[in-house]
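Dropping target-v3.tsv in here (TSV, C-alpha atoms):
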```tsv
chain	number	residue	atom	x	y	z
A	1	MET	CA	-7.73	-0.04	-36.77
A	2	ALA	CA	-6.33	-3.44	-35.97
A	3	THR	CA	-8.61	-6.28	-35.03
A	4	VAL	CA	-7.45	-8.50	-32.22
A	5	GLN	CA	-7.61	-12.22	-32.79
A	6	HIS	CA	-10.61	-13.89	-31.16
A	7	VAL	CA	-9.93	-16.42	-28.45
A	8	VAL	CA	-12.05	-19.48	-29.03
A	9	HIS	CA	-12.68	-22.30	-26.59
A	10	ASP	CA	-13.84	-25.69	-27.66
A	11	THR	CA	-16.19	-26.91	-24.99
A	12	GLN	CA	-18.59	-28.82	-27.22
A	13	GLY	CA	-19.68	-32.11	-25.82
A	14	ALA	CA	-18.05	-31.58	-22.45
A	15	TYR	CA	-20.02	-28.72	-20.93
A	16	GLU	CA	-23.06	-26.64	-21.65
A	17	PRO	CA	-22.23	-23.30	-23.31
A	18	SER	CA	-21.51	-20.60	-20.78
A	19	LEU	CA	-24.51	-18.44	-19.92
A	20	PHE	CA	-22.30	-15.37	-20.16
A	21	GLY	CA	-20.49	-16.39	-23.35
A	22	THR	CA	-17.04	-16.42	-21.84
A	23	TYR	CA	-14.68	-18.67	-19.93
A	24	SER	CA	-15.20	-19.45	-16.25
A	25	LYS	CA	-11.91	-17.90	-15.06
A	26	LYS	CA	-12.98	-14.52	-16.40
A	27	ILE	CA	-16.47	-14.79	-14.90
A	28	GLY	CA	-14.84	-15.70	-11.58
A	29	MET	CA	-12.63	-12.61	-11.74
A	30	TRP	CA	-15.60	-10.38	-12.60
A	31	LEU	CA	-17.51	-11.80	-9.60
A	32	PHE	CA	-14.51	-11.19	-7.33
A	33	LEU	CA	-14.23	-7.64	-8.65
A	34	ALA	CA	-17.95	-7.05	-8.03
A	35	SER	CA	-17.50	-8.14	-4.41
A	36	ASP	CA	-14.31	-6.08	-4.07
A	37	THR	CA	-16.21	-3.09	-5.46
A	38	LEU	CA	-18.53	-3.35	-2.48
A	39	THR	CA	-15.56	-3.55	-0.07
A	40	PHE	CA	-14.09	-0.34	-1.49
A	41	GLY	CA	-17.57	1.13	-1.82
A	42	ALA	CA	-18.15	0.67	1.90
A	43	LEU	CA	-14.76	2.26	2.71
A	44	LEU	CA	-15.43	5.18	0.35
A	45	VAL	CA	-18.90	5.72	1.82
A	46	ALA	CA	-17.42	5.60	5.35
A	47	TYR	CA	-14.84	8.24	4.39
A	48	SER	CA	-17.46	10.36	2.63
A	49	TYR	CA	-19.81	10.10	5.61
A	50	GLY	CA	-17.11	11.50	7.87
A	51	ARG	CA	-16.18	14.15	5.31
A	52	VAL	CA	-19.75	15.39	4.81
A	53	SER	CA	-20.88	15.25	8.43
A	54	ASN	CA	-17.83	17.00	9.93
A	55	PRO	CA	-17.41	20.66	8.99
A	56	ALA	CA	-14.03	20.58	10.79
A	57	TRP	CA	-12.70	17.79	8.55
A	58	PRO	CA	-8.97	18.46	8.03
A	59	THR	CA	-7.63	19.64	4.67
A	60	PRO	CA	-3.95	18.70	4.98
A	61	PHE	CA	-3.02	18.21	1.32
A	62	ASN	CA	-0.93	21.12	0.13
A	63	ARG	CA	0.39	21.82	-3.37
A	64	ASP	CA	3.21	19.24	-3.08
A	65	SER	CA	0.81	16.50	-1.96
A	66	ILE	CA	-1.60	17.23	-4.81
A	67	ILE	CA	1.24	17.21	-7.37
A	68	ASN	CA	2.44	13.91	-5.90
A	69	ALA	CA	-1.07	12.40	-6.02
A	70	THR	CA	-1.55	13.65	-9.61
A	71	ILE	CA	1.70	11.96	-10.69
A	72	MET	CA	0.53	8.80	-8.90
A	73	THR	CA	-2.74	8.98	-10.87
A	74	ALA	CA	-0.84	9.42	-14.14
A	75	CYS	CA	1.30	6.38	-13.24
A	76	LEU	CA	-1.78	4.22	-12.68
A	77	LEU	CA	-3.48	5.43	-15.87
A	78	SER	CA	-0.30	4.74	-17.85
A	79	SER	CA	-0.08	1.29	-16.26
A	80	SER	CA	-3.61	0.58	-17.49
A	81	LEU	CA	-2.54	1.50	-21.02
A	82	THR	CA	0.49	-0.81	-20.91
A	83	MET	CA	-1.70	-3.55	-19.41
A	84	VAL	CA	-4.23	-3.38	-22.22
A	85	LEU	CA	-1.32	-3.46	-24.71
A	86	ALA	CA	-0.10	-6.63	-22.94
A	87	VAL	CA	-3.57	-8.16	-23.42
A	88	MET	CA	-3.43	-7.22	-27.12
A	89	ALA	CA	0.02	-8.81	-27.43
A	90	GLY	CA	-1.35	-11.92	-25.67
A	91	ASN	CA	-4.15	-12.22	-28.20
A	92	ARG	CA	-1.51	-12.01	-30.97
A	93	ASN	CA	0.40	-14.76	-29.11
A	94	ASP	CA	3.40	-12.42	-29.00
A	95	LYS	CA	4.99	-13.65	-25.77
A	96	ALA	CA	7.97	-11.29	-25.83
A	97	TRP	CA	5.75	-8.21	-25.94
A	98	VAL	CA	3.38	-9.63	-23.35
A	99	ARG	CA	6.34	-9.81	-20.98
A	100	ASN	CA	7.62	-6.36	-21.95
A	101	TRP	CA	4.23	-4.67	-21.46
A	102	LEU	CA	3.64	-6.52	-18.19
A	103	LEU	CA	7.04	-5.38	-16.91
A	104	ALA	CA	6.15	-1.81	-17.93
A	105	THR	CA	2.86	-2.13	-16.04
A	106	MET	CA	4.71	-3.41	-12.98
A	107	PHE	CA	7.13	-0.48	-13.23
A	108	PHE	CA	4.30	2.08	-13.21
A	109	GLY	CA	2.58	0.19	-10.38
A	110	ALA	CA	5.81	0.14	-8.35
A	111	ALA	CA	6.28	3.88	-9.00
A	112	PHE	CA	2.76	4.47	-7.70
A	113	THR	CA	3.44	2.43	-4.56
A	114	VAL	CA	6.75	4.17	-3.84
A	115	LEU	CA	5.18	7.64	-4.25
A	116	HIS	CA	2.29	6.60	-2.05
A	117	ALA	CA	4.65	5.26	0.61
A	118	MET	CA	6.52	8.60	0.55
A	119	GLU	CA	3.23	10.43	1.07
A	120	TRP	CA	2.33	8.19	3.98
A	121	THR	CA	5.80	8.62	5.52
A	122	LYS	CA	5.45	12.41	5.30
A	123	LEU	CA	2.06	12.32	7.00
A	124	ILE	CA	3.26	9.95	9.74
A	125	VAL	CA	6.76	11.28	10.43
A	126	VAL	CA	6.49	15.01	9.64
A	127	GLU	CA	2.83	15.71	10.35
A	128	LYS	CA	2.60	13.19	13.25
A	129	MET	CA	-0.65	11.76	11.92
A	130	THR	CA	-1.87	8.45	13.37
A	131	PRO	CA	-5.02	6.40	12.74
A	132	SER	CA	-6.58	8.01	15.81
A	133	SER	CA	-5.15	11.54	15.90
A	134	ASN	CA	-3.96	14.44	13.77
A	135	VAL	CA	-2.71	17.95	14.40
A	136	TRP	CA	-5.05	19.77	12.02
A	137	SER	CA	-8.43	19.38	13.68
A	138	SER	CA	-10.45	17.71	16.38
A	139	VAL	CA	-11.63	15.01	13.99
A	140	PRO	CA	-9.62	11.89	14.89
A	141	LEU	CA	-11.59	9.84	12.38
A	142	PHE	CA	-9.62	11.36	9.50
A	143	GLY	CA	-6.49	9.27	10.10
A	144	GLY	CA	-8.40	6.02	10.57
A	145	THR	CA	-10.48	6.38	7.39
A	146	PHE	CA	-7.57	7.75	5.34
A	147	PHE	CA	-5.11	5.00	6.28
A	148	THR	CA	-7.71	2.22	5.92
A	149	LEU	CA	-8.91	3.37	2.50
A	150	THR	CA	-5.54	4.21	0.94
A	151	GLY	CA	-3.80	1.31	2.73
A	152	MET	CA	-6.33	-1.16	1.35
A	153	HIS	CA	-5.73	0.27	-2.12
A	154	MET	CA	-1.94	0.15	-1.71
A	155	LEU	CA	-2.27	-3.51	-0.68
A	156	HIS	CA	-4.30	-4.23	-3.82
A	157	VAL	CA	-1.67	-2.53	-6.01
A	158	THR	CA	1.11	-4.56	-4.35
A	159	ILE	CA	-0.81	-7.81	-4.84
A	160	GLY	CA	-1.42	-6.76	-8.46
A	161	ILE	CA	2.31	-6.22	-9.06
A	162	ILE	CA	3.05	-9.71	-7.63
A	163	TYR	CA	0.25	-11.22	-9.75
A	164	LEU	CA	1.65	-9.63	-12.93
A	165	GLY	CA	5.19	-10.67	-11.95
A	166	VAL	CA	4.08	-14.30	-11.69
A	167	ILE	CA	2.36	-14.12	-15.09
A	168	ALA	CA	5.33	-12.35	-16.75
A	169	LEU	CA	8.33	-14.10	-15.22
A	170	ARG	CA	6.90	-17.20	-13.48
A	171	LYS	CA	9.52	-18.87	-11.23
A	172	LYS	CA	12.15	-16.28	-12.14
A	173	PHE	CA	10.06	-13.73	-10.26
A	174	LEU	CA	10.46	-15.47	-6.89
A	175	PRO	CA	14.11	-14.45	-6.23
A	176	VAL	CA	13.28	-10.89	-7.37
A	177	LEU	CA	10.45	-10.76	-4.85
A	178	LEU	CA	12.63	-12.13	-2.05
A	179	VAL	CA	15.42	-9.63	-2.79
A	180	LEU	CA	12.91	-6.75	-2.78
A	181	TRP	CA	11.50	-7.99	0.52
A	182	ALA	CA	14.99	-8.24	2.08
A	183	LEU	CA	15.97	-4.78	0.80
A	184	GLY	CA	12.75	-3.27	2.07
A	185	PHE	CA	13.05	-4.95	5.44
A	186	PHE	CA	16.66	-3.97	6.09
A	187	LEU	CA	16.56	-0.48	4.57
A	188	THR	CA	13.41	0.84	6.26
A	189	PRO	CA	13.69	2.15	9.83
A	190	SER	CA	12.39	-0.29	12.42
A	191	ASP	CA	9.75	2.21	13.62
A	192	SER	CA	8.40	2.72	10.09
A	193	VAL	CA	5.03	1.20	9.19
A	194	PHE	CA	6.66	-0.12	6.00
A	195	HIS	CA	9.19	-2.14	8.03
A	196	LEU	CA	6.22	-4.33	8.94
A	197	GLY	CA	4.23	-3.76	5.75
A	198	ILE	CA	7.05	-5.05	3.53
A	199	HIS	CA	6.20	-8.57	4.79
A	200	VAL	CA	3.36	-8.49	2.25
A	201	LEU	CA	6.11	-9.26	-0.30
A	202	LEU	CA	7.27	-12.27	1.74
A	203	ILE	CA	3.70	-13.58	2.02
A	204	GLY	CA	3.30	-12.91	-1.70
A	205	ALA	CA	6.50	-14.88	-2.42
A	206	VAL	CA	5.28	-17.86	-0.37
A	207	VAL	CA	1.83	-17.89	-2.03
A	208	SER	CA	3.40	-17.41	-5.50
A	209	ALA	CA	5.85	-20.28	-4.82
A	210	ILE	CA	2.99	-22.58	-3.80
A	211	VAL	CA	1.06	-21.70	-6.97
A	212	LEU	CA	4.10	-21.92	-9.27
A	213	PHE	CA	5.44	-25.21	-7.91
A	214	LEU	CA	2.15	-27.03	-7.36
A	215	LYS	CA	0.59	-25.99	-10.66
A	216	PRO	CA	3.36	-24.99	-13.07
A	217	LYS	CA	1.99	-23.81	-16.41
A	218	ASP	CA	2.69	-21.55	-19.33
A	219	TYR	CA	0.32	-18.65	-18.83
A	220	ASP	CA	-1.73	-17.93	-21.95
A	221	ALA	CA	-3.67	-14.96	-23.36
A	222	ASN	CA	-6.65	-15.68	-21.13
A	223	ASP	CA	-4.49	-15.55	-17.99
A	224	VAL	CA	-3.11	-12.20	-19.13
A	225	GLU	CA	-6.63	-10.90	-19.79
A	226	VAL	CA	-7.87	-12.01	-16.35
A	227	ALA	CA	-4.84	-10.42	-14.66
A	228	GLY	CA	-5.59	-7.29	-16.68
A	229	LEU	CA	-9.13	-7.15	-15.31
A	230	TYR	CA	-7.73	-7.10	-11.78
A	231	TRP	CA	-5.18	-4.43	-12.63
A	232	HIS	CA	-7.70	-2.14	-14.34
A	233	PHE	CA	-9.98	-2.48	-11.34
A	234	VAL	CA	-7.21	-1.22	-9.06
A	235	ASP	CA	-6.84	1.76	-11.41
A	236	LEU	CA	-10.61	2.30	-11.43
A	237	VAL	CA	-10.84	2.43	-7.62
A	238	TRP	CA	-8.14	5.11	-7.51
A	239	MET	CA	-10.28	7.24	-9.85
A	240	PHE	CA	-12.65	7.64	-6.88
A	241	ILE	CA	-10.08	7.81	-4.07
A	242	PHE	CA	-8.06	10.57	-5.72
A	243	PRO	CA	-10.84	13.20	-5.98
A	244	LEU	CA	-12.63	12.16	-2.81
A	245	VAL	CA	-9.64	11.97	-0.47
A	246	TYR	CA	-7.08	14.31	-2.00
A	247	LEU	CA	-8.91	16.87	-4.13
A	248	MET	CA	-11.71	17.39	-1.60
A	249	SER	CA	-9.13	18.05	1.13
A	250	THR	CA	-6.78	20.48	-0.61
A	251	LYS	CA	-5.06	23.21	1.38
A	252	VAL	CA	-4.74	26.00	-1.17
B	1	MET	CA	-17.78	-23.72	-29.74
B	2	HIS	CA	-18.31	-20.13	-28.75
B	3	ASP	CA	-16.54	-16.88	-29.24
B	4	VAL	CA	-15.45	-15.40	-25.94
B	5	SER	CA	-13.31	-12.37	-26.38
B	6	ALA	CA	-14.00	-10.34	-29.47
B	7	HIS	CA	-11.96	-7.22	-28.72
B	8	THR	CA	-12.26	-5.11	-31.83
B	9	ASP	CA	-10.64	-1.94	-30.48
B	10	GLY	CA	-7.32	-0.97	-32.03
B	11	LYS	CA	-4.22	0.34	-30.35
B	12	MET	CA	-5.09	3.95	-31.20
B	13	THR	CA	-8.45	3.65	-29.42
B	14	TYR	CA	-6.63	2.75	-26.21
B	15	PHE	CA	-4.29	5.72	-26.59
B	16	TRP	CA	-7.30	8.02	-27.08
B	17	VAL	CA	-8.97	6.60	-23.96
B	18	TRP	CA	-5.72	7.04	-22.00
B	19	GLY	CA	-5.49	10.66	-23.22
B	20	ALA	CA	-9.12	11.31	-22.26
B	21	LEU	CA	-8.51	9.88	-18.77
B	22	LEU	CA	-5.45	12.10	-18.29
B	23	LEU	CA	-7.40	15.12	-19.53
B	24	LEU	CA	-10.30	14.45	-17.14
B	25	THR	CA	-7.79	14.08	-14.29
B	26	ALA	CA	-6.28	17.46	-15.22
B	27	VAL	CA	-9.77	19.03	-15.18
B	28	GLU	CA	-10.37	17.59	-11.71
B	29	VAL	CA	-7.09	18.99	-10.39
B	30	VAL	CA	-7.78	22.45	-11.86
B	31	LEU	CA	-11.29	22.47	-10.34
B	32	ALA	CA	-9.88	21.54	-6.94
B	33	TYR	CA	-7.18	24.20	-7.14
B	34	LYS	CA	-9.31	27.06	-8.42
B	35	GLN	CA	-12.10	26.24	-5.96
B	36	ILE	CA	-14.66	28.02	-8.12
B	37	LEU	CA	-17.44	25.73	-6.89
B	38	GLN	CA	-18.96	25.28	-3.46
B	39	PRO	CA	-17.72	22.08	-1.71
B	40	VAL	CA	-20.93	20.08	-2.18
B	41	ARG	CA	-21.23	21.17	-5.84
B	42	MET	CA	-17.56	20.34	-6.39
B	43	LEU	CA	-18.07	16.90	-4.84
B	44	GLN	CA	-20.94	16.30	-7.28
B	45	VAL	CA	-18.87	17.45	-10.28
B	46	LEU	CA	-15.84	15.37	-9.22
B	47	LEU	CA	-18.02	12.28	-8.74
B	48	VAL	CA	-19.60	12.72	-12.18
B	49	LEU	CA	-16.10	13.01	-13.73
B	50	SER	CA	-14.99	9.92	-11.76
B	51	VAL	CA	-17.99	7.93	-13.00
B	52	ILE	CA	-17.13	8.94	-16.60
B	53	LYS	CA	-13.51	7.81	-16.03
B	54	ALA	CA	-14.69	4.54	-14.46
B	55	GLY	CA	-16.99	3.99	-17.45
B	56	LEU	CA	-14.13	4.50	-19.90
B	57	ILE	CA	-11.91	2.07	-17.96
B	58	THR	CA	-14.55	-0.68	-17.67
B	59	MET	CA	-15.89	-0.36	-21.22
B	60	TYR	CA	-12.57	0.00	-23.11
B	61	PHE	CA	-9.70	-1.25	-20.93
B	62	MET	CA	-11.70	-4.04	-19.25
B	63	HIS	CA	-13.57	-4.74	-22.52
B	64	LEU	CA	-16.95	-4.88	-20.81
B	65	LYS	CA	-18.55	-3.52	-23.96
B	66	ALA	CA	-17.38	-6.63	-25.81
B	67	GLU	CA	-19.14	-8.96	-23.36
B	68	LEU	CA	-22.66	-10.28	-23.82
B	69	PRO	CA	-25.32	-7.71	-22.85
B	70	ARG	CA	-26.65	-9.99	-20.10
B	71	MET	CA	-23.25	-10.06	-18.39
B	72	ARG	CA	-22.74	-6.32	-18.89
B	73	TRP	CA	-26.13	-5.42	-17.44
B	74	LEU	CA	-26.03	-7.94	-14.61
B	75	LEU	CA	-22.73	-6.56	-13.33
B	76	THR	CA	-23.66	-2.91	-13.83
B	77	ILE	CA	-27.14	-3.14	-12.29
B	78	SER	CA	-26.09	-5.23	-9.26
B	79	VAL	CA	-23.13	-3.01	-8.34
B	80	THR	CA	-25.12	0.20	-8.96
B	81	ALA	CA	-28.01	-1.08	-6.81
B	82	CYS	CA	-25.66	-1.84	-3.91
B	83	PHE	CA	-24.08	1.63	-4.16
B	84	PHE	CA	-27.51	3.21	-4.32
B	85	LEU	CA	-28.51	1.47	-1.07
B	86	MET	CA	-25.31	2.60	0.67
B	87	TRP	CA	-25.74	6.14	-0.61
B	88	VAL	CA	-29.40	6.49	0.36
B	89	PHE	CA	-29.00	5.40	3.97
B	90	PHE	CA	-25.60	6.85	4.84
B	91	PHE	CA	-25.79	10.25	3.21
B	92	ARG	CA	-29.21	11.15	4.49
B	93	ASP	CA	-27.89	10.45	7.96
B	94	ALA	CA	-24.71	12.46	7.41
B	95	ASP	CA	-26.76	15.37	6.13
B	96	ARG	CA	-29.07	15.11	9.15
B	97	ILE	CA	-26.09	15.58	11.46
B	98	LEU	CA	-25.06	18.69	9.52
B	99	THR	CA	-28.57	20.13	9.64
B	100	LEU	CA	-29.50	19.30	13.21
B	101	GLY	CA	-26.06	19.34	14.82
B	102	VAL	CA	-24.46	16.57	16.82
B	103	LYS	CA	-26.55	15.73	19.91
```
Would you mind giving the structure from this file in structure tokens?
Amino acid sequence: MATVQHVVHDTQGAYEPSLFGTYSKKIGMWLFLASDTLTFGALLVAYSYGRVSNPAWPTPFNRDSIINATIMTACLLSSSLTMVLAVMAGNRNDKAWVRNWLLATMFFGAAFTVLHAMEWTKLIVVEKMTPSSNVWSSVPLFGGTFFTLTGMHMLHVTIGIIYLGVIALRKKFLPVLLVLWALGFFLTPSDSVFHLGIHVLLIGAVVSAIVLFLKPKDYDANDVEVAGLYWHFVDLVWMFIFPLVYLMSTKV
Amino acid sequence: MHDVSAHTDGKMTYFWVWGALLLLTAVEVVLAYKQILQPVRMLQVLLVLSVIKAGLITMYFMHLKAELPRMRWLLTISVTACFFLMWVFFFRDADRILTLGVK
């Protein structure tokens, strides 16, 4: 069993030792994740409340949807593995493998997002589901809670991919992001929700450009570890969304 | 000077955790498909499996087990307490609607 090199910070004389024995950036990310846990917790409780209190709650997810969602889950779990391998490579100071594992993580994340977008498109276009109506039952709340919960998660995954792209490729990632935005914008139908949603990439490109140009730096092992915390959290949240939303609403 | 990130897990440990997570996901899917449990019982089983998966992710992938106990417990207790409060108030109310009917 390999032992990963310890990351040591010299803060003697400048600051008091950290109460939590780690660097402030990581504590900040943990605090953000704790608050984000409550955001998703509230959305999950809202969905569960509707699910439990409405016997007529729709069960629209057939075999194909469950297979799709299972593949999405496998993609996210695999992305967590590649992410933790990137953190290991970062602690070895192996920059080439940090980049390779981060790119692999982004690939799995992008696969998850594309599969999720296909699922959404099927529900919206084929099944005519909207945030306030659906054809399966008299419970209009289903669409609203489903789209809010899974949409919020999809947004987090997209932000995570951009975050990892900035860490892995720095300024080289900006043109990639802009090309993806342009492709998404011009290739999606104008009445598709993703025609509007793809602007998240444009906003991400602007924010990334501000960060990269105002504070250019060579991201180190700690930055990779903090980005990893965010990415694993996104994976963790899906571990609750998948059974609660998909598996509890299977149409067998 | 202080040591901040003593990750002592090897690569194989992460592969085992990944395998366990995939296996638990497969169990969840089979349970949902076979529908051998009543819906409320299945919800309980699925949530227990999800909590186990979340524990594996936070402890191994997010290296929470390598952090100082005070950080580990502070995060775990505060988040659990908030969830407990949400659960207590919302689910009793949801159950009341099921029992009494919507007025």
Margin query: I'd like the contact shell of stretch 209-224 of chain A - 6 Å cut-off, all atoms listed in the file, skipping same-chain residues fewer than 6 positions apart - returned as a list in words.
Written below: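 What passes the distance filter is Val87, Gly90 and Asn91 of chain A.
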Check: Counting only C-alpha atoms, which residues come within 10 Å of (-13.7, 16.1, 2.6), with the point read in the file's coordinates, and could you list them as a PyMOL selection string?
Finding: (chain A and resi 47-59+142+243-250) or (chain B and resi 39-40+43)
Kindly export the residues of the current selection with C-alpha atoms, as a PDB file, in the coordinates of the input.
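To be explicit, this is the file written out as result-v6.pdb:
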```pdb
ATOM      1  CA  TYR A  47     -14.840   8.240   4.390  1.00  0.00           C
ATOM      2  CA  SER A  48     -17.460  10.360   2.630  1.00  0.00           C
ATOM      3  CA  TYR A  49     -19.810  10.100   5.610  1.00  0.00           C
ATOM      4  CA  GLY A  50     -17.110  11.500   7.870  1.00  0.00           C
ATOM      5  CA  ARG A  51     -16.180  14.150   5.310  1.00  0.00           C
ATOM      6  CA  VAL A  52     -19.750  15.390   4.810  1.00  0.00           C
ATOM      7  CA  SER A  53     -20.880  15.250   8.430  1.00  0.00           C
ATOM      8  CA  ASN A  54     -17.830  17.000   9.930  1.00  0.00           C
ATOM      9  CA  PRO A  55     -17.410  20.660   8.990  1.00  0.00           C
ATOM     10  CA  ALA A  56     -14.030  20.580  10.790  1.00  0.00           C
ATOM     11  CA  TRP A  57     -12.700  17.790   8.550  1.00  0.00           C
ATOM     12  CA  PRO A  58      -8.970  18.460   8.030  1.00  0.00           C
ATOM     13  CA  THR A  59      -7.630  19.640   4.670  1.00  0.00           C
ATOM     14  CA  PHE A 142      -9.620  11.360   9.500  1.00  0.00           C
ATOM     15  CA  PRO A 243     -10.840  13.200  -5.980  1.00  0.00           C
ATOM     16  CA  LEU A 244     -12.630  12.160  -2.810  1.00  0.00           C
ATOM     17  CA  VAL A 245      -9.640  11.970  -0.470  1.00  0.00           C
ATOM     18  CA  TYR A 246      -7.080  14.310  -2.000  1.00  0.00           C
ATOM     19  CA  LEU A 247      -8.910  16.870  -4.130  1.00  0.00           C
ATOM     20  CA  MET A 248     -11.710  17.390  -1.600  1.00  0.00           C
ATOM     21  CA  SER A 249      -9.130  18.050   1.130  1.00  0.00           C
ATOM     22  CA  THR A 250      -6.780  20.480  -0.610  1.00  0.00           C
TER      23      THR A 250
ATOM     24  CA  PRO B  39     -17.720  22.080  -1.710  1.00  0.00           C
ATOM     25  CA  VAL B  40     -20.930  20.080  -2.180  1.00  0.00           C
ATOM     26  CA  LEU B  43     -18.070  16.900  -4.840  1.00  0.00           C
TER      27      LEU B  43
END
```
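Counting all atoms listed in the file and comparing A:Val45, A:Leu178, A:Leu102, A:Met29, the residue that lies closest to chain B is A:Val45.
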Notebook entry, point to check: If you measure from atom CA of A:Thr73 to atom CA of B:Gln44, what distance in Å do you get, rounded to one decimal?
Noted result: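 Answer for the atom CA of A:Thr73 to atom CA of B:Gln44 separation: 19.9 Å.
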Next item on the list: Could you give me, as an NGL selection string, the residues within 12 Å of B:Val27, counting all atoms listed in the file and dropping anything in the same chain fewer than 3 positions from it?
Entry: (:A and (70 or 243 or 247)) or (:B and (20-24 or 30-35 or 42 or 45-46 or 49-50 or 53))
Item checked: Within-12 Å shell of (-19.2, -6.8, -21.2) in input frame, only C-alpha atoms, as a PyMOL selection string -> (chain A and resi 20-22+26-27+30+229) or (chain B and resi 4-7+55+57-76)
Check: So which residues touch B:Gly19 within 10 Å, counting all atoms listed in the file, skipping near sequence neighbours fewer than 5 positions away, as a list in words?
Finding: Leu77, Ser78 and Leu81 of chain A; Thr13, Tyr14, Leu24 and Thr25 of chain B
Item checked: Residue nearest A:Val193 among A:Trp120, A:Phe112, A:Phe107, A:Phe32 (counting all atoms listed in the file) ->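 Of the candidates, the smallest distance to A:Val193 is held by A:Trp120.
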Notebook entry, point to check: Which one is closest to chain B: A:Thr37, A:Ser192, A:Ser24, A:Thr121? Count only C-alpha atoms.
Noted result: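 The shortest atom-to-atom distance to chain B comes from A:Thr37.
Residue nearest chain B within the list A:Gly41, A:Pro131, A:Gly28, A:Pro175: A:Gly41 [criterion: smallest interatomic distance, all atoms listed in the file].
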Box along x, y and z, 8 Å on every side, all listed atoms of stretch 27-36 of chain A inside: centre and edge lengths in Å to one decimal, as JSON.
```
{"center_x": -15.3, "center_y": -10.9, "center_z": -9.5, "size_x": 21.3, "size_y": 25.6, "size_z": 26.8}
```
Item checked: Atomic separation - atom CA of A:Met106 relative to atom CA of A:Lys172, Å ->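 Distance between the two atoms: 14.9 Å.
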Notebook entry, point to check: Which residue out of A:Thr158, A:Thr188, A:Ser138, A:Thr145 has the minimum interatomic distance to A:Ala205 when all atoms listed in the file are used?
Noted result: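 That would be A:Thr158, the residue with the smallest distance to A:Ala205.
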Note to self: I'd like the interatomic distance between atom CA of A:Phe61 and atom CA of A:Lys251, to a tenth of an Å.
What the structure shows: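 Result for atom CA of A:Phe61 versus atom CA of A:Lys251: 5.4 Å, one decimal.
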Check: Which one is closest to chain B: A:Val114, A:Leu85, A:Ser190, A:Leu43? Count only C-alpha atoms.
Finding: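 Result for the nearest residue to chain B: A:Leu85.
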Note to self: Excluding A:Trp181 and its own-chain neighbours fewer than 4 positions away, which residues fall within 8 Å of it when counting only C-alpha atoms? Please give them as JSON, numbers by chain.
What the structure shows: {"A": [177, 185, 198, 199, 201, 202]}
How about completing stretch 90-101 of chain A with N, CA and C atoms and giving it to me as an mmCIF file, in the frame of the given file?
```cif
data_model
loop_
_atom_site.group_PDB
_atom_site.id
_atom_site.type_symbol
_atom_site.label_atom_id
_atom_site.label_comp_id
_atom_site.auth_asym_id
_atom_site.auth_seq_id
_atom_site.Cartn_x
_atom_site.Cartn_y
_atom_site.Cartn_z
ATOM 1 N N GLY A 90 -0.965 -10.546 -26.026
ATOM 2 C CA GLY A 90 -1.350 -11.920 -25.670
ATOM 3 C C GLY A 90 -2.275 -12.516 -26.717
ATOM 4 N N ASN A 91 -3.217 -11.723 -27.181
ATOM 5 C CA ASN A 91 -4.150 -12.220 -28.200
ATOM 6 C C ASN A 91 -3.457 -12.462 -29.540
ATOM 7 N N ARG A 92 -2.315 -11.755 -29.757
ATOM 8 C CA ARG A 92 -1.510 -12.010 -30.970
ATOM 9 C C ARG A 92 -0.553 -13.182 -30.776
ATOM 10 N N ASN A 93 -0.530 -13.702 -29.523
ATOM 11 C CA ASN A 93 0.400 -14.760 -29.110
ATOM 12 C C ASN A 93 1.855 -14.288 -29.198
ATOM 13 N N ASP A 94 2.066 -13.012 -28.958
ATOM 14 C CA ASP A 94 3.400 -12.420 -29.000
ATOM 15 C C ASP A 94 3.968 -12.391 -27.572
ATOM 16 N N LYS A 95 4.603 -13.486 -27.179
ATOM 17 C CA LYS A 95 4.990 -13.650 -25.770
ATOM 18 C C LYS A 95 6.023 -12.621 -25.319
ATOM 19 N N ALA A 96 6.932 -12.257 -26.219
ATOM 20 C CA ALA A 96 7.970 -11.290 -25.830
ATOM 21 C C ALA A 96 7.341 -9.951 -25.446
ATOM 22 N N TRP A 97 6.377 -9.495 -26.252
ATOM 23 C CA TRP A 97 5.750 -8.210 -25.940
ATOM 24 C C TRP A 97 4.780 -8.289 -24.767
ATOM 25 N N VAL A 98 4.206 -9.464 -24.559
ATOM 26 C CA VAL A 98 3.380 -9.630 -23.350
ATOM 27 C C VAL A 98 4.256 -9.363 -22.139
ATOM 28 N N ARG A 99 5.436 -9.984 -22.119
ATOM 29 C CA ARG A 99 6.340 -9.810 -20.980
ATOM 30 C C ARG A 99 6.789 -8.352 -20.862
ATOM 31 N N ASN A 100 7.152 -7.756 -21.993
ATOM 32 C CA ASN A 100 7.620 -6.360 -21.950
ATOM 33 C C ASN A 100 6.546 -5.417 -21.406
ATOM 34 N N TRP A 101 5.305 -5.571 -21.920
ATOM 35 C CA TRP A 101 4.230 -4.670 -21.460
ATOM 36 C C TRP A 101 3.870 -4.943 -19.999
#
```
